[in-house]
$ cat protein_25.cif   # mmCIF, C-alpha atoms and all ligand atoms
data_data
#
loop_
_atom_site.label_atom_id
_atom_site.label_comp_id
_atom_site.auth_asym_id
_atom_site.auth_seq_id
_atom_site.Cartn_x
_atom_site.Cartn_y
_atom_site.Cartn_z
CA MET V 1 43.78 16.52 -32.08
CA ALA V 2 41.17 14.25 -33.57
CA THR V 3 42.52 11.24 -31.74
CA MET V 4 42.54 13.17 -28.47
CA VAL V 5 38.90 14.16 -28.83
CA GLY V 6 38.07 10.61 -29.68
CA ARG V 7 39.91 9.42 -26.62
CA ALA V 8 38.20 11.96 -24.36
CA LEU V 9 34.75 10.88 -25.50
CA LYS V 10 35.45 7.22 -25.00
CA PRO V 11 33.74 6.15 -21.79
CA ALA V 12 36.08 4.97 -19.04
CA VAL V 13 33.95 1.87 -18.50
CA ALA V 14 32.27 -0.02 -21.31
CA HIS V 15 28.55 -0.18 -20.46
CA ARG V 16 26.70 -3.42 -20.90
CA VAL V 17 23.76 -3.51 -23.23
CA ILE V 18 20.72 -4.39 -21.12
CA GLU V 19 18.45 -6.74 -23.00
CA ASP V 20 14.67 -6.46 -23.37
CA LEU V 21 12.78 -7.36 -20.22
CA ASN V 22 11.76 -10.99 -20.46
CA PRO V 23 10.90 -12.54 -17.09
CA PRO V 24 9.82 -16.20 -17.09
CA GLU V 25 6.16 -16.99 -16.49
CA ARG V 26 6.37 -18.65 -13.11
CA ILE V 27 3.66 -20.55 -11.32
CA LEU V 28 3.50 -18.53 -8.13
CA MET V 29 2.51 -20.84 -5.28
CA GLY V 30 4.03 -19.09 -2.30
CA PRO V 31 2.25 -16.78 0.16
CA GLY V 32 2.21 -13.98 -2.42
CA PRO V 33 2.67 -12.49 -4.86
CA SER V 34 0.27 -14.75 -6.70
CA ASN V 35 -0.29 -14.90 -10.43
CA VAL V 36 -2.45 -12.22 -12.00
CA HIS V 37 -5.02 -12.51 -14.75
CA ARG V 38 -4.05 -11.21 -18.17
CA ARG V 39 -6.87 -8.66 -17.94
CA VAL V 40 -5.20 -7.15 -14.87
CA LEU V 41 -1.86 -6.79 -16.64
CA GLN V 42 -3.60 -5.29 -19.64
CA ALA V 43 -5.37 -2.73 -17.47
CA MET V 44 -1.95 -1.46 -16.37
CA THR V 45 -1.07 -0.56 -19.95
CA LYS V 46 -4.02 1.87 -20.29
CA PRO V 47 -3.22 5.61 -20.74
CA LEU V 48 -2.25 7.54 -17.64
CA LEU V 49 -4.52 10.19 -16.22
CA HIS V 50 -3.72 13.01 -13.83
CA HIS V 51 -4.62 12.07 -10.26
CA LEU V 52 -7.22 14.88 -10.06
CA ASP V 53 -8.66 14.28 -13.54
CA PRO V 54 -12.45 13.88 -13.22
CA ASP V 55 -12.17 10.60 -15.14
CA PHE V 56 -9.65 9.31 -12.62
CA ILE V 57 -11.77 10.44 -9.68
CA HIS V 58 -14.60 8.43 -11.18
CA ILE V 59 -12.28 5.39 -11.31
CA MET V 60 -11.29 5.94 -7.67
CA ASP V 61 -14.96 5.90 -6.70
CA GLU V 62 -15.52 2.66 -8.60
CA VAL V 63 -12.54 1.05 -6.89
CA ALA V 64 -13.70 2.15 -3.43
CA GLU V 65 -17.23 0.89 -4.16
CA MET V 66 -16.00 -2.55 -5.26
CA LEU V 67 -13.57 -2.76 -2.33
CA GLN V 68 -16.46 -2.11 0.07
CA GLN V 69 -18.29 -5.11 -1.34
CA VAL V 70 -15.27 -7.34 -0.89
CA PHE V 71 -14.73 -6.08 2.66
CA GLY V 72 -18.43 -6.65 3.40
CA ALA V 73 -19.06 -3.02 4.33
CA THR V 74 -21.82 -0.57 3.52
CA GLY V 75 -20.63 2.50 5.43
CA GLY V 76 -17.36 3.86 6.72
CA PHE V 77 -14.45 4.72 4.49
CA THR V 78 -12.54 2.50 2.08
CA LEU V 79 -9.45 3.28 0.02
CA PRO V 80 -6.33 1.56 -1.28
CA VAL V 81 -3.27 2.93 0.53
CA SER V 82 -0.17 3.35 -1.68
CA GLY V 83 2.27 0.66 -0.65
CA THR V 84 2.23 -3.05 0.09
CA GLY V 85 0.53 -4.88 2.95
CA SER V 86 3.03 -3.53 5.45
CA ALA V 87 1.95 0.01 4.52
CA GLY V 88 -1.57 -1.07 5.46
CA MET V 89 -0.28 -2.33 8.80
CA GLU V 90 1.55 0.92 9.43
CA ALA V 91 -1.39 3.08 8.31
CA GLY V 92 -3.79 1.25 10.60
CA LEU V 93 -1.59 1.35 13.69
CA ALA V 94 -0.15 4.85 13.17
CA ASN V 95 -3.62 6.36 12.82
CA LEU V 96 -5.44 4.58 15.63
CA LEU V 97 -2.66 4.76 18.21
CA GLU V 98 -1.15 7.81 19.85
CA PRO V 99 2.06 7.76 21.88
CA GLY V 100 1.36 6.06 25.20
CA ASP V 101 -1.83 4.31 24.01
CA GLN V 102 -2.13 0.65 24.96
CA LEU V 103 -2.18 -1.96 22.19
CA VAL V 104 -2.88 -5.63 22.82
CA VAL V 105 -1.72 -7.74 19.91
CA ILE V 106 -2.12 -11.42 19.29
CA SER V 107 1.27 -12.89 18.48
CA HIS V 108 1.20 -16.43 17.24
CA GLY V 109 3.29 -15.88 14.17
CA PHE V 110 5.62 -13.61 12.26
CA PHE V 111 3.03 -11.01 11.28
CA GLY V 112 1.62 -10.63 14.78
CA ASP V 113 5.17 -9.78 15.82
CA ARG V 114 5.43 -7.26 12.99
CA LEU V 115 2.24 -5.52 14.16
CA ALA V 116 3.82 -5.19 17.61
CA GLU V 117 7.08 -3.85 16.21
CA ILE V 118 5.35 -1.20 14.10
CA ALA V 119 3.14 -0.03 16.98
CA LEU V 120 6.18 0.30 19.25
CA ARG V 121 7.87 2.56 16.72
CA HIS V 122 4.80 4.81 16.76
CA GLY V 123 5.13 5.21 20.50
CA ALA V 124 2.38 2.86 21.66
CA THR V 125 2.64 0.69 24.75
CA VAL V 126 2.45 -2.84 23.42
CA THR V 127 1.45 -6.07 25.12
CA GLN V 128 1.65 -9.30 23.17
CA VAL V 129 -0.61 -12.26 23.86
CA ARG V 130 1.69 -15.04 22.81
CA GLY V 131 0.63 -18.39 21.53
CA THR V 132 2.06 -21.42 19.83
CA TRP V 133 2.84 -20.94 16.15
CA GLY V 134 0.39 -23.14 14.26
CA GLU V 135 -2.45 -22.84 16.76
CA ILE V 136 -5.18 -20.29 17.40
CA ILE V 137 -5.13 -18.12 20.53
CA PRO V 138 -7.55 -19.10 23.31
CA LEU V 139 -10.06 -16.32 24.02
CA GLU V 140 -9.38 -16.52 27.77
CA ASP V 141 -5.76 -15.48 27.21
CA VAL V 142 -6.91 -12.43 25.29
CA GLU V 143 -9.56 -11.44 27.82
CA GLN V 144 -7.09 -11.78 30.68
CA GLU V 145 -4.82 -9.29 28.94
CA LEU V 146 -7.65 -6.87 28.14
CA LYS V 147 -8.74 -6.95 31.79
CA ARG V 148 -5.29 -6.24 33.12
CA HIS V 149 -5.08 -2.72 31.66
CA ARG V 150 -7.02 0.35 32.65
CA LYS V 151 -7.67 1.27 29.02
CA VAL V 152 -6.78 -0.70 25.92
CA LYS V 153 -7.07 1.44 22.80
CA VAL V 154 -6.68 -1.27 20.16
CA LEU V 155 -6.82 -5.06 19.96
CA ALA V 156 -4.96 -6.28 16.86
CA VAL V 157 -4.71 -9.64 15.12
CA ALA V 158 -3.57 -11.15 11.83
CA HIS V 159 -6.61 -12.99 10.43
CA ALA V 160 -4.70 -15.44 8.24
CA GLU V 161 -1.25 -15.75 9.83
CA THR V 162 0.79 -16.37 6.70
CA SER V 163 3.84 -17.63 8.57
CA THR V 164 1.89 -20.68 9.73
CA GLY V 165 -1.40 -20.94 7.82
CA VAL V 166 -3.65 -20.46 10.85
CA LEU V 167 -6.98 -18.71 10.38
CA GLN V 168 -7.85 -16.93 13.63
CA PRO V 169 -11.65 -16.74 14.10
CA LEU V 170 -12.67 -13.10 14.47
CA GLU V 171 -16.26 -12.88 15.80
CA GLU V 172 -15.52 -13.58 19.44
CA LEU V 173 -12.39 -11.42 19.41
CA ALA V 174 -14.44 -8.51 18.05
CA LYS V 175 -16.95 -8.92 20.88
CA LEU V 176 -14.16 -9.04 23.43
CA ALA V 177 -12.52 -5.91 22.05
CA HIS V 178 -15.79 -3.99 22.22
CA LYS V 179 -16.63 -5.32 25.67
CA TYR V 180 -13.45 -3.60 26.88
CA ASP V 181 -14.12 -0.54 24.73
CA ALA V 182 -11.12 -1.18 22.46
CA LEU V 183 -11.00 -0.78 18.70
CA PHE V 184 -10.60 -4.03 16.76
CA LEU V 185 -7.89 -3.95 14.08
CA VAL V 186 -7.52 -6.88 11.67
CA ASP V 187 -4.68 -7.66 9.27
CA ALA V 188 -6.51 -9.34 6.39
CA VAL V 189 -3.53 -9.13 4.04
CA ALA V 190 -3.58 -12.83 3.23
CA SER V 191 -7.30 -13.46 3.68
CA LEU V 192 -9.31 -10.77 1.84
CA GLY V 193 -10.63 -12.20 -1.41
CA GLY V 194 -9.84 -15.79 -0.42
CA VAL V 195 -11.91 -16.35 2.73
CA PRO V 196 -14.80 -14.24 4.09
CA VAL V 197 -13.69 -11.24 6.14
CA GLU V 198 -17.05 -9.40 6.52
CA VAL V 199 -15.96 -6.36 8.49
CA GLU V 200 -19.47 -5.13 9.24
CA SER V 201 -21.15 -8.29 10.48
CA VAL V 202 -18.02 -9.36 12.40
CA GLY V 203 -17.48 -5.91 13.93
CA ILE V 204 -14.01 -5.00 12.67
CA ASP V 205 -13.22 -1.32 13.16
CA LEU V 206 -10.17 -1.15 10.92
CA CYS V 207 -9.14 -3.76 8.39
CA PHE V 208 -6.43 -3.76 5.75
CA SER V 209 -5.20 -6.09 3.05
CA ALA V 210 -2.80 -6.17 0.11
CA THR V 211 -3.34 -6.53 -3.62
CA GLN V 212 -0.89 -9.37 -4.34
CA LYS V 213 -2.33 -12.23 -2.32
CA CYS V 214 -5.95 -13.33 -2.74
CA LEU V 215 -7.10 -10.16 -4.52
CA GLY V 216 -5.22 -11.05 -7.70
CA ALA V 217 -3.30 -7.87 -8.58
CA PRO V 218 0.43 -7.07 -8.43
CA PRO V 219 1.95 -5.89 -5.13
CA GLY V 220 1.73 -2.16 -4.53
CA LEU V 221 -1.56 -1.26 -2.85
CA ALA V 222 -2.99 -1.94 0.59
CA PRO V 223 -6.80 -1.69 0.57
CA ILE V 224 -8.05 -0.45 3.93
CA HIS V 225 -11.49 -0.08 5.48
CA LEU V 226 -12.44 1.99 8.52
CA ASN V 227 -15.86 2.11 10.10
CA ASP V 228 -17.30 5.27 11.63
CA ARG V 229 -15.93 4.36 15.05
CA ALA V 230 -12.39 4.19 13.71
CA LEU V 231 -12.93 7.41 11.76
CA VAL V 232 -14.05 9.22 14.91
CA ALA V 233 -11.01 7.89 16.76
CA ILE V 234 -8.81 9.39 14.06
CA GLN V 235 -10.67 12.69 13.91
CA THR V 236 -10.43 13.15 17.68
CA ARG V 237 -6.71 12.48 18.04
CA LYS V 238 -4.78 14.82 20.29
CA GLU V 239 -1.94 15.06 17.79
CA PRO V 240 -1.55 14.10 14.13
CA PRO V 241 -0.13 10.65 13.31
CA ARG V 242 3.66 10.41 13.17
CA SER V 243 3.42 9.27 9.56
CA TRP V 244 2.49 12.07 7.18
CA TYR V 245 2.39 9.83 4.09
CA LEU V 246 -0.03 7.36 5.70
CA ASP V 247 -2.20 9.96 7.45
CA LEU V 248 -5.67 8.54 6.81
CA GLY V 249 -7.32 11.84 7.72
CA LEU V 250 -5.46 13.56 4.87
CA LEU V 251 -6.06 10.63 2.53
CA HIS V 252 -9.76 10.80 3.38
CA LYS V 253 -9.84 14.33 1.95
CA TYR V 254 -8.39 13.08 -1.33
CA TRP V 255 -10.47 9.90 -1.64
CA GLU V 256 -13.86 11.15 -0.47
CA GLY V 257 -16.15 14.13 -0.47
CA GLY V 258 -16.10 17.36 -2.42
CA THR V 259 -12.60 18.65 -1.72
CA ARG V 260 -10.47 15.96 -3.40
CA ALA V 261 -7.42 17.69 -2.00
CA TYR V 262 -4.10 16.59 -3.45
CA HIS V 263 -2.10 14.60 -0.92
CA HIS V 264 0.29 12.48 -2.94
CA THR V 265 0.22 11.31 -6.56
CA ALA V 266 -1.87 8.17 -6.68
CA PRO V 267 -0.14 5.20 -8.37
CA ILE V 268 -2.50 5.45 -11.33
CA SER V 269 -1.60 2.19 -13.13
CA MET V 270 -1.85 0.17 -9.93
CA ILE V 271 -5.33 1.58 -9.32
CA TYR V 272 -6.26 0.41 -12.83
CA ALA V 273 -4.90 -3.04 -11.98
CA LEU V 274 -6.86 -3.21 -8.75
CA ARG V 275 -10.03 -2.06 -10.52
CA GLU V 276 -9.74 -4.94 -12.99
CA ALA V 277 -8.87 -7.46 -10.27
CA LEU V 278 -11.96 -6.39 -8.31
CA ARG V 279 -14.12 -6.68 -11.41
CA LEU V 280 -12.86 -10.24 -11.85
CA ILE V 281 -13.65 -11.02 -8.21
CA LEU V 282 -17.20 -9.73 -8.46
CA GLU V 283 -17.74 -11.48 -11.81
CA GLU V 284 -16.75 -14.76 -10.20
CA GLY V 285 -18.85 -14.00 -7.12
CA LEU V 286 -17.49 -13.93 -3.58
CA GLU V 287 -19.13 -17.19 -2.49
CA ARG V 288 -17.82 -19.10 -5.49
CA ARG V 289 -14.39 -17.62 -4.96
CA TYR V 290 -14.30 -18.66 -1.31
CA ALA V 291 -15.49 -22.15 -2.29
CA ARG V 292 -12.72 -22.39 -4.89
CA HIS V 293 -10.08 -21.52 -2.29
CA ARG V 294 -11.58 -23.95 0.20
CA CYS V 295 -11.84 -26.87 -2.17
CA ASN V 296 -8.35 -26.49 -3.67
CA GLY V 297 -6.85 -25.96 -0.22
CA LEU V 298 -8.47 -29.13 1.08
CA ALA V 299 -7.25 -31.06 -1.97
CA MET V 300 -3.71 -29.78 -1.40
CA ARG V 301 -3.83 -30.83 2.25
CA ALA V 302 -5.12 -34.29 1.37
CA GLY V 303 -2.45 -34.72 -1.31
CA LEU V 304 0.43 -33.65 0.93
CA GLU V 305 -0.73 -35.96 3.71
CA ALA V 306 -1.04 -38.86 1.29
CA LEU V 307 2.62 -38.30 0.41
CA GLY V 308 3.47 -38.91 4.05
CA LEU V 309 4.18 -35.24 4.77
CA LYS V 310 3.10 -33.62 8.03
CA LEU V 311 0.94 -30.50 8.02
CA LEU V 312 1.69 -27.77 10.56
CA VAL V 313 -1.91 -26.72 11.22
CA GLN V 314 -4.85 -28.97 11.95
CA GLU V 315 -7.83 -28.65 9.62
CA GLU V 316 -10.06 -26.97 12.18
CA TYR V 317 -7.82 -23.87 12.30
CA CYS V 318 -6.31 -23.91 8.84
CA THR V 319 -6.64 -21.24 6.22
CA TYR V 320 -7.19 -22.82 2.81
CA GLN V 321 -5.11 -20.42 0.74
CA LEU V 322 -1.86 -21.11 2.60
CA THR V 323 -0.65 -24.50 3.74
CA SER V 324 2.49 -25.04 5.81
CA VAL V 325 3.97 -28.49 5.55
CA GLN V 326 6.96 -29.81 7.47
CA VAL V 327 10.18 -30.37 5.55
CA PRO V 328 11.09 -34.04 6.07
CA TYR V 329 14.25 -34.57 8.15
CA SER V 330 16.17 -36.22 5.36
CA VAL V 331 15.55 -33.42 2.86
CA ASP V 332 17.31 -30.11 2.16
CA ASP V 333 14.67 -27.36 2.26
CA GLY V 334 16.42 -24.92 -0.10
CA GLN V 335 17.48 -27.58 -2.58
CA VAL V 336 13.90 -28.78 -3.11
CA ARG V 337 12.60 -25.24 -3.59
CA THR V 338 15.40 -24.44 -6.04
CA ARG V 339 14.69 -27.58 -8.07
CA LEU V 340 10.96 -26.83 -8.07
CA LEU V 341 11.75 -23.41 -9.51
CA ASN V 342 14.36 -24.51 -12.03
CA GLU V 343 12.89 -27.78 -13.20
CA TYR V 344 9.14 -27.22 -12.75
CA ASN V 345 8.84 -23.44 -12.88
CA ILE V 346 6.97 -23.52 -9.57
CA GLN V 347 7.67 -21.06 -6.74
CA ILE V 348 6.88 -22.07 -3.16
CA SER V 349 8.29 -20.46 -0.01
CA GLY V 350 10.28 -21.51 3.02
CA GLY V 351 9.52 -20.81 6.66
CA LEU V 352 9.76 -17.49 8.51
CA GLY V 353 11.23 -16.85 11.95
CA HIS V 354 11.89 -20.02 13.91
CA LEU V 355 10.16 -22.09 11.22
CA GLN V 356 12.89 -21.21 8.73
CA GLY V 357 14.21 -24.41 7.16
CA LYS V 358 11.47 -26.39 8.91
CA VAL V 359 8.40 -25.80 6.74
CA TRP V 360 7.43 -25.11 3.18
CA ARG V 361 4.64 -22.60 2.69
CA ILE V 362 2.41 -23.41 -0.22
CA GLY V 363 -0.01 -20.77 -1.40
CA LEU V 364 -3.17 -21.14 -3.44
CA MET V 365 -4.16 -17.51 -3.70
CA GLY V 366 -6.31 -15.69 -6.23
CA GLU V 367 -5.43 -16.67 -9.79
CA SER V 368 -2.87 -19.18 -8.51
CA CYS V 369 -5.63 -21.11 -6.78
CA THR V 370 -6.53 -23.71 -9.40
CA SER V 371 -7.00 -27.46 -9.25
CA GLU V 372 -4.40 -27.75 -12.05
CA ASN V 373 -1.81 -26.11 -9.81
CA VAL V 374 -2.70 -28.42 -6.93
CA LEU V 375 -2.11 -31.49 -9.09
CA LEU V 376 0.97 -30.01 -10.75
CA LEU V 377 2.76 -29.31 -7.48
CA LEU V 378 1.85 -32.69 -6.02
CA SER V 379 3.13 -34.57 -9.05
CA ALA V 380 6.31 -32.48 -9.04
CA LEU V 381 6.87 -33.40 -5.38
CA GLU V 382 6.18 -37.05 -6.17
CA GLU V 383 8.99 -36.95 -8.71
CA LEU V 384 11.38 -34.76 -6.80
CA LEU V 385 11.24 -35.91 -3.18
CA PRO V 386 12.49 -39.47 -3.81
CA LYS V 387 15.46 -37.98 -5.71
CA GLU V 388 16.10 -35.78 -2.67
CA GLY V 389 16.13 -38.63 -0.20
CA PHE V 390 12.50 -38.91 0.88
CA GLY V 391 10.91 -42.08 -0.44
CA ILE V 392 7.20 -41.69 -1.10
CA PRO V 393 4.55 -43.82 -2.69
CA ALA V 394 4.29 -42.35 -6.20
CA GLY V 395 0.83 -41.38 -7.34
CA TYR V 396 -0.78 -41.24 -3.90
CA GLY V 397 -0.69 -37.46 -3.57
CA VAL V 398 -2.30 -36.77 -6.91
CA ALA V 399 -4.85 -39.53 -6.32
CA ALA V 400 -5.88 -38.20 -2.90
CA ALA V 401 -6.17 -34.64 -4.17
CA SER V 402 -8.12 -35.75 -7.26
CA GLN V 403 -10.60 -37.52 -5.06
CA VAL V 404 -11.24 -34.40 -2.98
CA LEU V 405 -11.61 -32.34 -6.14
CA ALA V 406 -13.96 -34.85 -7.75
CA GLU V 407 -16.18 -34.90 -4.65
CA ALA V 408 -16.21 -31.11 -4.50
CA TYR V 409 -17.17 -30.75 -8.15
CA SER V 410 -19.87 -33.40 -8.05
CA SER V 411 -21.61 -31.84 -5.02
C1 LIG P 1 2.21 -10.64 3.34
C2 LIG P 1 1.68 -10.21 4.65
C3 LIG P 1 1.98 -8.94 5.18
C4 LIG P 1 2.97 -8.01 4.58
O1 LIG P 1 2.62 -7.58 3.34
P1 LIG P 1 3.69 -6.99 2.30
O2 LIG P 1 2.86 -6.80 1.08
O3 LIG P 1 4.77 -7.99 2.15
O4 LIG P 1 4.19 -5.70 2.85
C5 LIG P 1 1.36 -8.60 6.36
N1 LIG P 1 0.52 -9.41 7.00
C6 LIG P 1 0.22 -10.64 6.52
C7 LIG P 1 -0.73 -11.50 7.28
C8 LIG P 1 0.79 -11.07 5.33
O5 LIG P 1 0.50 -12.27 4.86
#
$ encode --input "protein_25.cif" --output "structure tokens" --more "lines below"
Ligand SMILES: *Cc1c(COP(=O)(O)O)cnc(C)c1O
Amino acid sequence: MATMVGRALKPAVAHRVIEDLNPPERILMGPGPSNVHRRVLQAMTKPLLHHLDPDFIHIMDEVAEMLQQVFGATGGFTLPVSGTGSAGMEAGLANLLEPGDQLVVISHGFFGDRLAEIALRHGATVTQVRGTWGEIIPLEDVEQELKRHRKVKVLAVAHAETSTGVLQPLEELAKLAHKYDALFLVDAVASLGGVPVEVESVGIDLCFSATQKCLGAPPGLAPIHLNDRALVAIQTRKEPPRSWYLDLGLLHKYWEGGTRAYHHTAPISMIYALREALRLILEEGLERRYARHRCNGLAMRAGLEALGLKLLVQEEYCTYQLTSVQVPYSVDDGQVRTRLLNEYNIQISGGLGHLQGKVWRIGLMGESCTSENVLLLLSALEELLPKEGFGIPAGYGVAAASQVLAEAYSS
């Protein structure tokens, strides 16, 4: 009997013992996630609160207030949507567009295409203004498209197109959108916190971002700002948005005003993380933070060029926090990235869409944006590329970058 019981209790499959969690401390130099400050990680270990606890509501207000400053807004409505940058994209499009509404979207990269795809799924009529990946879109092309339709509801663009590293200027696009009575929607997922976005002075009606790029928190929240114009558009919809979870009208009732109506359980620990990341941003100061991204980005560009590598985007249109550089013909894209990870602990990314295998995307975002990281990656490439079949003059990359950094710090 005893042996039978023993046999019955014995599990059919021996389970592995899962060890303690011990991920390596990588240097994250792709287009996100970027490294986070220790203070942000520590904030996530603070005690949980209920999502309607008065103390938590106070924290929500602080987060919204700091987000407004980073967005460059004084009015409107600001909140972090639960979910990553793509949730911000979906929230923005699903709330502004109703089935049959016309969207004009600027498509000169992977994320412009994603905006179009999401809007289509929400029933919008979508027209894409296509342009060359790696270049900005000429205003005439956009105006031509706006003119062609009886009524365009929304003009949408990715500010920093992370698939290429182009920074699309926004001021003139905002004016164009408003000239044709369209709402202006901006994907600032890769730009907010790294380069100025300034929703109010630029005239952006709806803008969203993500926590894991230049804002310096883990992935999981998509900060979003709407001005009064966008709020009115949402409040006067004929039918509710097709997404219940991302219904900004319902979220408005939880995040603002007296009702604080439960919608969904806020990801408490992520809100703590964002609060600390925003405190760090405001402690540093927005101008200093933008200057840091600019100066390190320029140093990276100079270093890569000095190694004989070709940049995808010319300086005039480049965004400093993300640099795309062409993979030399003689070199295996994946092999170099794997060796960078295994031998140098550095993560960079490959290309998206038709640039897959053709470019490396190097990020200098938030906490990852340091002059040490610029020099570290360049010296790693100086060692690695000759071993991988691309002969380069050793020392030139680091020297060129150091010179840019020295000039920036002496001025
Ligand atoms: C990263 C990125 C997204 C998508 O964000 P996820 O957090 O991956 O969902 C959208 N737009 C741009 C411009 C991005 O860089």
$ atom_distance --input "protein_25.cif" --atom1 "atom O3 of ligand LIG 1 (chain P)" --atom2 "atom CA of V:Arg229"
27.3 Å
$ closest_atom_pairs --input "protein_25.cif" --of "chain V" --to "ligand LIG 1 (chain P)" --cutoff "10 Å" --atoms "all atoms listed in the file" --output "CSV"
residue,atom,partner,partner_atom,distance
V:Pro31,CA,P:LIG1,O5,6.7
V:Gly32,CA,P:LIG1,C1,6.7
V:Pro33,CA,P:LIG1,O2,8.2
V:Gly83,CA,P:LIG1,O4,7.5
V:Thr84,CA,P:LIG1,O2,3.9
V:Gly85,CA,P:LIG1,O1,3.4
V:Ser86,CA,P:LIG1,O4,3.6
V:Ala87,CA,P:LIG1,O4,6.4
V:Gly88,CA,P:LIG1,O4,7.8
V:Met89,CA,P:LIG1,C5,6.9
V:Glu90,CA,P:LIG1,O4,9.7
V:Gly109,CA,P:LIG1,C7,9.1
V:Phe110,CA,P:LIG1,C7,8.3
V:Phe111,CA,P:LIG1,N1,5.2
V:Gly112,CA,P:LIG1,C7,7.9
V:Asp113,CA,P:LIG1,N1,10.0
V:Arg114,CA,P:LIG1,C5,7.9
V:Leu115,CA,P:LIG1,N1,8.3
V:Val157,CA,P:LIG1,C7,9.0
V:Ala158,CA,P:LIG1,C7,5.4
V:His159,CA,P:LIG1,C7,6.8
V:Ala160,CA,P:LIG1,C7,5.7
V:Glu161,CA,P:LIG1,C7,5.0
V:Thr162,CA,P:LIG1,O5,4.5
V:Ser163,CA,P:LIG1,O5,7.3
V:Thr164,CA,P:LIG1,O5,9.8
V:Gly165,CA,P:LIG1,O5,9.4
V:Val186,CA,P:LIG1,C7,9.3
V:Asp187,CA,P:LIG1,C7,5.9
V:Ala188,CA,P:LIG1,C7,6.2
V:Val189,CA,P:LIG1,C6,4.7
V:Ala190,CA,P:LIG1,O5,4.4
V:Ser191,CA,P:LIG1,C7,7.7
V:Phe208,CA,P:LIG1,N1,9.0
V:Ser209,CA,P:LIG1,N1,7.7
V:Ala210,CA,P:LIG1,O2,5.8
V:Thr211,CA,P:LIG1,O2,7.8
V:Gln212,CA,P:LIG1,O2,7.1
V:Lys213,CA,P:LIG1,C1,7.4
V:Pro218,CA,P:LIG1,O2,9.8
V:Pro219,CA,P:LIG1,O2,6.3
V:Gly220,CA,P:LIG1,O2,7.4
V:Leu221,CA,P:LIG1,O2,8.1
V:Ala222,CA,P:LIG1,O2,7.6
V:Leu322,CA,P:LIG1,O5,9.4
$ residues_around --input "protein_25.cif" --residues "stretch 265-276 of chain V" --least-positions-apart "5" --cutoff "9 Å" --atoms "only C-alpha atoms" --output "PyMOL selection string"
chain V and resi 39-52+56+59-60+62-63+66-67+80+82+211+215-221+281
$ residues_around --input "protein_25.cif" --residues "V:Lys238" --least-positions-apart "3" --cutoff "10 Å" --atoms "only C-alpha atoms" --output "ChimeraX atom specification"
/V:98-99,233-235,241
$ closest_residue --input "protein_25.cif" --among "V:Gly303, V:Pro386, V:Pro196, V:Gly363" --to "V:Val404" --atoms "only C-alpha atoms"
V:Gly303
$ atom_distance --input "protein_25.cif" --atom1 "atom CA of V:Asn296" --atom2 "atom CA of V:Tyr320"
7.5 Å
$ residues_around --input "protein_25.cif" --residues "V:Glu383" --least-positions-apart "6" --cutoff "12 Å" --atoms "all atoms listed in the file" --output "PyMOL selection string"
chain V and resi 307+336+339-340+343-344+376-377+389-398
$ atom_distance --input "protein_25.cif" --atom1 "atom CA of V:Glu239" --atom2 "atom CA of V:Asp101"
12.4 Å
$ closest_residue --input "protein_25.cif" --among "V:Asp228, V:Asp141, V:Asp205, V:Glu284" --to "V:Gly366" --atoms "all atoms listed in the file"
V:Glu284
